[in-house]
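**Student:** Please read through the structure below; I'll follow up with questions.
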Amino acid sequence: MEMFKSRLASLSAIALIVSAGAAQAQSITFLTEQNPPFNFAQGGKPAGISTDIVAEMIKRAGVAGRYEIQPWDGAYRRAQTDKDTCLYSTARLENRENLFRWIGPIAVNKWVLVGKSDFSGSIKSDADARKYRIGAVRTDAKAELLRSKAITNIFESETEVQIPPKLFLKKEDPARIDLWVSGLYTYKTVAEKAKVTGIKTVHVVGEQELFVACSPRTSDGAFKKLAAAFQAMRKDGAWAKLVAEGEKRFVK
């Protein structure tokens, strides 16, 4: 999946060893990105709604978890190929189904088109958006969702924080965009980091369930323990409680 989407431009990662259990416990690397309120760095440590859920899952499964916060593109590639590696929060799209082993959904996000406050266009359906220039993050699930709706006038950037200023470029500038596809919970924070104001939600393009996506090379035993731990959290109410608490803590 998968929406700060202000991703870290630096290639250096923030890493943290968590909930080791026994010294001989299976060790899994959990890759994530800057995507509040679901996952992001706070005080040098991973935080967010999804991070709280993953941390509880790790604890219950009795595995050792190591977090790394990285730019999305690199983390997405690593989660497909590296041994004992999982990525969150990730949209479970059809073209990704066989690339990973999945746990979840751990959260639900809403994806929206954002425009300037004086945007005067009329978007009553997804089809109405096809005539506009839309900014998105390269390889991001939101761009893939737009393409699945035959919305192809997409202009991609490496990080989401690069996108908001492009709404305010002059019309003749080839980099200018009319709209930006982002997460409902996150676009205001991204805009703040980009020092951009005067924007609004124009259209909701969909809701997206978010998952933990694990490499096919992840230990079968550890994966099954993590999956079982998450299902137990859903059953005993711990998951719903963490979501509610996270929304109070992390949603502006």
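Every chain in the structure tokens has a letter given in the order shown (A, B, ...), and although residue numbers restart at 1 in each chain, ligands are simply numbered from 1 in the order shown.
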Need to verify the contact set: Arg217 (chain A), 8 Å, only C-alpha atoms, exclusion of same-chain residues closer than 2 positions in sequence. Can you return it as a ChimeraX atom specification?

**Tutor:** /A:81-85,215,219

**Student:** Write a file of the selected residues as a tab-separated table (two decimals), in the first residue's frame, keeping N, CA and C atoms.

**Tutor:**
chain	number	residue	atom	x	y	z
A	81	THR	N	12.01	-8.89	-1.27
A	81	THR	CA	13.17	-9.75	-1.51
A	81	THR	C	13.94	-10.15	-0.26
A	82	ASP	N	13.96	-9.32	0.78
A	82	ASP	CA	14.81	-9.59	1.94
A	82	ASP	C	14.22	-10.69	2.82
A	83	LYS	N	15.08	-11.42	3.45
A	83	LYS	CA	14.67	-12.48	4.37
A	83	LYS	C	14.11	-11.88	5.66
A	84	ASP	N	13.04	-12.48	6.18
A	84	ASP	CA	12.45	-12.09	7.47
A	84	ASP	C	12.21	-10.59	7.56
A	85	THR	N	11.48	-10.06	6.58
A	85	THR	CA	11.23	-8.63	6.48
A	85	THR	C	9.76	-8.37	6.17
A	215	SER	N	7.73	-10.33	3.33
A	215	SER	CA	8.48	-10.96	2.24
A	215	SER	C	8.15	-12.45	2.18
A	219	SER	N	10.28	-16.21	7.68
A	219	SER	CA	10.14	-17.50	8.35
A	219	SER	C	8.66	-17.87	8.49

**Student:** Do a neighbour search on Leu169 (chain A) at 12 Å with only C-alpha atoms, toss out local chain neighbours closer than 5 positions, and write the hits as a list in words.

**Tutor:**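 My list of contacting residues is Lys116, Ile163, Pro164, Pro174, Ala175, Arg176, Ile177, Asp178 and Leu179 of chain A.
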
**Student:** Counting only C-alpha atoms, which of A:Ile103, A:Val63, A:Ile123, A:Val205 gets nearest to Arg147 (chain A)?

**Tutor:**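 Answer, going by the shortest atom-to-atom distance: A:Val205.
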
**Student:** Of the candidates A:Thr32, A:Leu113, A:Lys149, A:Gly206, which one gets nearest to Tyr132 (chain A) if we count only C-alpha atoms?

**Tutor:** A:Leu113

**Student:** Tell me which protein, DNA and RNA residues are within 12 Å of Arg133 (chain A), counting only C-alpha atoms, leaving out same-chain ones fewer than 2 positions away, and put them as number ranges by chain.

**Tutor:** A: 113-115, 128-131, 135-136, 146, 151-156, 163, 166-167, 171, 173-181

**Student:** Which one of A:Phe230, A:Thr139, A:Gln80, A:Glu192 sits closest to Glu97 (chain A) if you count only C-alpha atoms?

**Tutor:** A:Gln80

**Student:** If you run DSSP over the backbone, which residues in region 111-252 of chain A end up strand (DSSP E)? Put them as number ranges by chain.

**Tutor:** A: 111-116, 134-137, 154-157, 179-183, 199-214

**Student:** Which polymer residues have any atom within 12 Å of an atom of Ile28 (chain A), counting only C-alpha atoms, with same-chain residues fewer than 3 positions away left out, as a ChimeraX atom specification?

**Tutor:** /A:16-20,25,31,54-55,58,61-68,79,82-87,214-215,217-223,225-226

**Student:** How about saving the chosen residues, N, CA, C and O atoms kept, as a compact mmCIF listing (two decimals), in the first residue's frame?

**Tutor:**
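Saved the output as part-v2.txt:
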# COMPACT_ATOMS: atom_id res chain seq x y z
N LEU A 16 15.24 0.39 15.55
CA LEU A 16 14.98 0.17 16.97
C LEU A 16 14.66 -1.29 17.19
O LEU A 16 13.85 -1.87 16.48
N ILE A 17 15.29 -1.91 18.17
CA ILE A 17 14.99 -3.28 18.52
C ILE A 17 13.87 -3.28 19.54
O ILE A 17 13.91 -2.55 20.52
N VAL A 18 12.84 -4.11 19.32
CA VAL A 18 11.68 -4.12 20.21
C VAL A 18 11.31 -5.53 20.62
O VAL A 18 11.54 -6.48 19.89
N SER A 19 10.70 -5.64 21.77
CA SER A 19 10.05 -6.86 22.26
C SER A 19 10.76 -8.13 21.83
O SER A 19 10.25 -8.91 21.04
N ALA A 20 11.94 -8.36 22.37
CA ALA A 20 12.73 -9.48 21.92
C ALA A 20 12.24 -10.83 22.42
O ALA A 20 12.45 -11.85 21.79
N ALA A 25 14.66 -15.92 20.11
CA ALA A 25 13.44 -15.65 19.35
C ALA A 25 13.75 -15.29 17.91
O ALA A 25 14.77 -14.67 17.61
N LEU A 31 9.77 -2.75 8.23
CA LEU A 31 10.05 -1.52 7.50
C LEU A 31 8.79 -0.66 7.47
O LEU A 31 7.69 -1.16 7.27
N VAL A 54 1.17 -3.03 15.43
CA VAL A 54 2.27 -3.95 15.12
C VAL A 54 3.07 -4.29 16.38
O VAL A 54 3.46 -5.45 16.58
N ALA A 55 3.29 -3.31 17.23
CA ALA A 55 4.05 -3.56 18.47
C ALA A 55 3.33 -4.57 19.36
O ALA A 55 3.97 -5.47 19.93
N ILE A 58 3.69 -8.00 17.74
CA ILE A 58 5.03 -8.56 17.98
C ILE A 58 5.13 -9.13 19.40
O ILE A 58 5.64 -10.22 19.61
N ALA A 61 3.18 -12.35 19.72
CA ALA A 61 3.76 -13.45 18.93
C ALA A 61 5.06 -13.97 19.55
O ALA A 61 5.48 -15.09 19.24
N GLY A 62 5.70 -13.16 20.38
CA GLY A 62 6.94 -13.59 21.01
C GLY A 62 8.12 -13.62 20.05
O GLY A 62 9.06 -14.40 20.23
N VAL A 63 8.07 -12.76 19.03
CA VAL A 63 9.20 -12.65 18.12
C VAL A 63 9.98 -11.38 18.44
O VAL A 63 9.50 -10.51 19.16
N ALA A 64 11.19 -11.28 17.90
CA ALA A 64 11.98 -10.06 18.06
C ALA A 64 11.70 -9.17 16.86
O ALA A 64 11.77 -9.62 15.71
N GLY A 65 11.38 -7.91 17.11
CA GLY A 65 11.08 -6.99 16.02
C GLY A 65 12.07 -5.85 15.95
O GLY A 65 12.40 -5.24 16.97
N ARG A 66 12.53 -5.55 14.77
CA ARG A 66 13.45 -4.44 14.53
C ARG A 66 12.82 -3.50 13.53
O ARG A 66 12.52 -3.90 12.41
N TYR A 67 12.58 -2.23 13.91
CA TYR A 67 11.97 -1.26 13.02
C TYR A 67 13.03 -0.50 12.22
O TYR A 67 14.09 -0.16 12.73
N GLU A 68 12.69 -0.19 10.97
CA GLU A 68 13.46 0.76 10.18
C GLU A 68 12.49 1.69 9.47
O GLU A 68 11.54 1.23 8.83
N ALA A 79 11.00 -5.34 1.03
CA ALA A 79 9.98 -6.23 1.60
C ALA A 79 9.62 -7.35 0.63
O ALA A 79 9.05 -8.36 1.03
N ASP A 82 13.96 -9.32 0.78
CA ASP A 82 14.81 -9.59 1.94
C ASP A 82 14.22 -10.69 2.82
O ASP A 82 13.00 -10.83 2.95
N LYS A 83 15.08 -11.42 3.45
CA LYS A 83 14.67 -12.48 4.37
C LYS A 83 14.11 -11.88 5.66
O LYS A 83 14.61 -10.88 6.15
N ASP A 84 13.04 -12.48 6.18
CA ASP A 84 12.45 -12.09 7.47
C ASP A 84 12.21 -10.59 7.56
O ASP A 84 12.67 -9.91 8.49
N THR A 85 11.48 -10.06 6.58
CA THR A 85 11.23 -8.63 6.48
C THR A 85 9.76 -8.37 6.17
O THR A 85 9.18 -9.02 5.29
N CYS A 86 9.15 -7.43 6.89
CA CYS A 86 7.76 -7.05 6.65
C CYS A 86 7.66 -5.53 6.51
O CYS A 86 8.48 -4.80 7.05
N LEU A 87 6.64 -5.09 5.78
CA LEU A 87 6.42 -3.67 5.51
C LEU A 87 5.02 -3.27 5.95
O LEU A 87 4.06 -4.00 5.71
N CYS A 214 4.54 -9.02 4.25
CA CYS A 214 5.80 -9.68 4.58
C CYS A 214 6.43 -10.34 3.36
O CYS A 214 5.73 -10.85 2.47
N SER A 215 7.73 -10.33 3.33
CA SER A 215 8.48 -10.96 2.24
C SER A 215 8.15 -12.45 2.18
O SER A 215 7.96 -13.10 3.21
N ARG A 217 10.14 -14.58 1.81
CA ARG A 217 11.26 -15.24 2.48
C ARG A 217 11.20 -15.09 4.01
O ARG A 217 12.14 -15.43 4.71
N THR A 218 10.07 -14.63 4.51
CA THR A 218 9.89 -14.54 5.95
C THR A 218 9.66 -15.93 6.53
O THR A 218 8.91 -16.74 5.96
N SER A 219 10.28 -16.21 7.68
CA SER A 219 10.14 -17.50 8.35
C SER A 219 8.66 -17.87 8.49
O SER A 219 7.85 -17.09 8.97
N ASP A 220 8.33 -19.08 8.06
CA ASP A 220 6.94 -19.52 8.11
C ASP A 220 6.43 -19.55 9.56
O ASP A 220 5.30 -19.14 9.84
N GLY A 221 7.30 -20.00 10.47
CA GLY A 221 6.90 -20.06 11.87
C GLY A 221 6.61 -18.70 12.45
O GLY A 221 5.60 -18.49 13.13
N ALA A 222 7.49 -17.73 12.17
CA ALA A 222 7.30 -16.38 12.70
C ALA A 222 6.08 -15.72 12.08
O ALA A 222 5.30 -15.06 12.77
N PHE A 223 5.90 -15.91 10.76
CA PHE A 223 4.74 -15.32 10.10
C PHE A 223 3.44 -15.85 10.69
O PHE A 223 2.50 -15.09 10.96
N LYS A 225 2.92 -17.05 13.67
CA LYS A 225 2.76 -16.52 15.02
C LYS A 225 2.22 -15.08 14.98
O LYS A 225 1.34 -14.71 15.77
N LEU A 226 2.77 -14.27 14.07
CA LEU A 226 2.32 -12.88 13.94
C LEU A 226 0.87 -12.82 13.47
O LEU A 226 0.07 -12.05 14.00

**Student:** Find the residue from A:Asp126, A:Ala213, A:Gly43, A:Thr197 that sits nearest to Arg77 (chain A); use only C-alpha atoms when measuring.

**Tutor:**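 Once distances to Arg77 (chain A) are computed over only C-alpha atoms, the minimum belongs to A:Ala213.
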
**Student:** If you count only C-alpha atoms, which residues fall within 12 Å of Trp111 (chain A), apart from same-chain ones fewer than 4 positions away, as a VMD selection string?

**Tutor:** chain A and resid 1 to 3 5 91 136 140 to 146 180 to 187 201 to 210

**Student:** Please run DSSP on the backbone and report, as a PyMOL selection string, all residues within region 15-225 of chain A that come out as helix (DSSP H, G or I).

**Tutor:** chain A and resi 49-61+72-81+94-99+126-131+141-148+160-162+164-168+187-193+220-225

**Student:** Any idea what the distance is between CA of Gln34 (chain A) and CA of Leu242 (chain A)?

**Tutor:** 19.4 Å

**Student:** As an exercise, work out the distance from CA of Met57 (chain A) to CA of Glu245 (chain A) in Å and give it to one decimal place.

**Tutor:** 16.1 Å
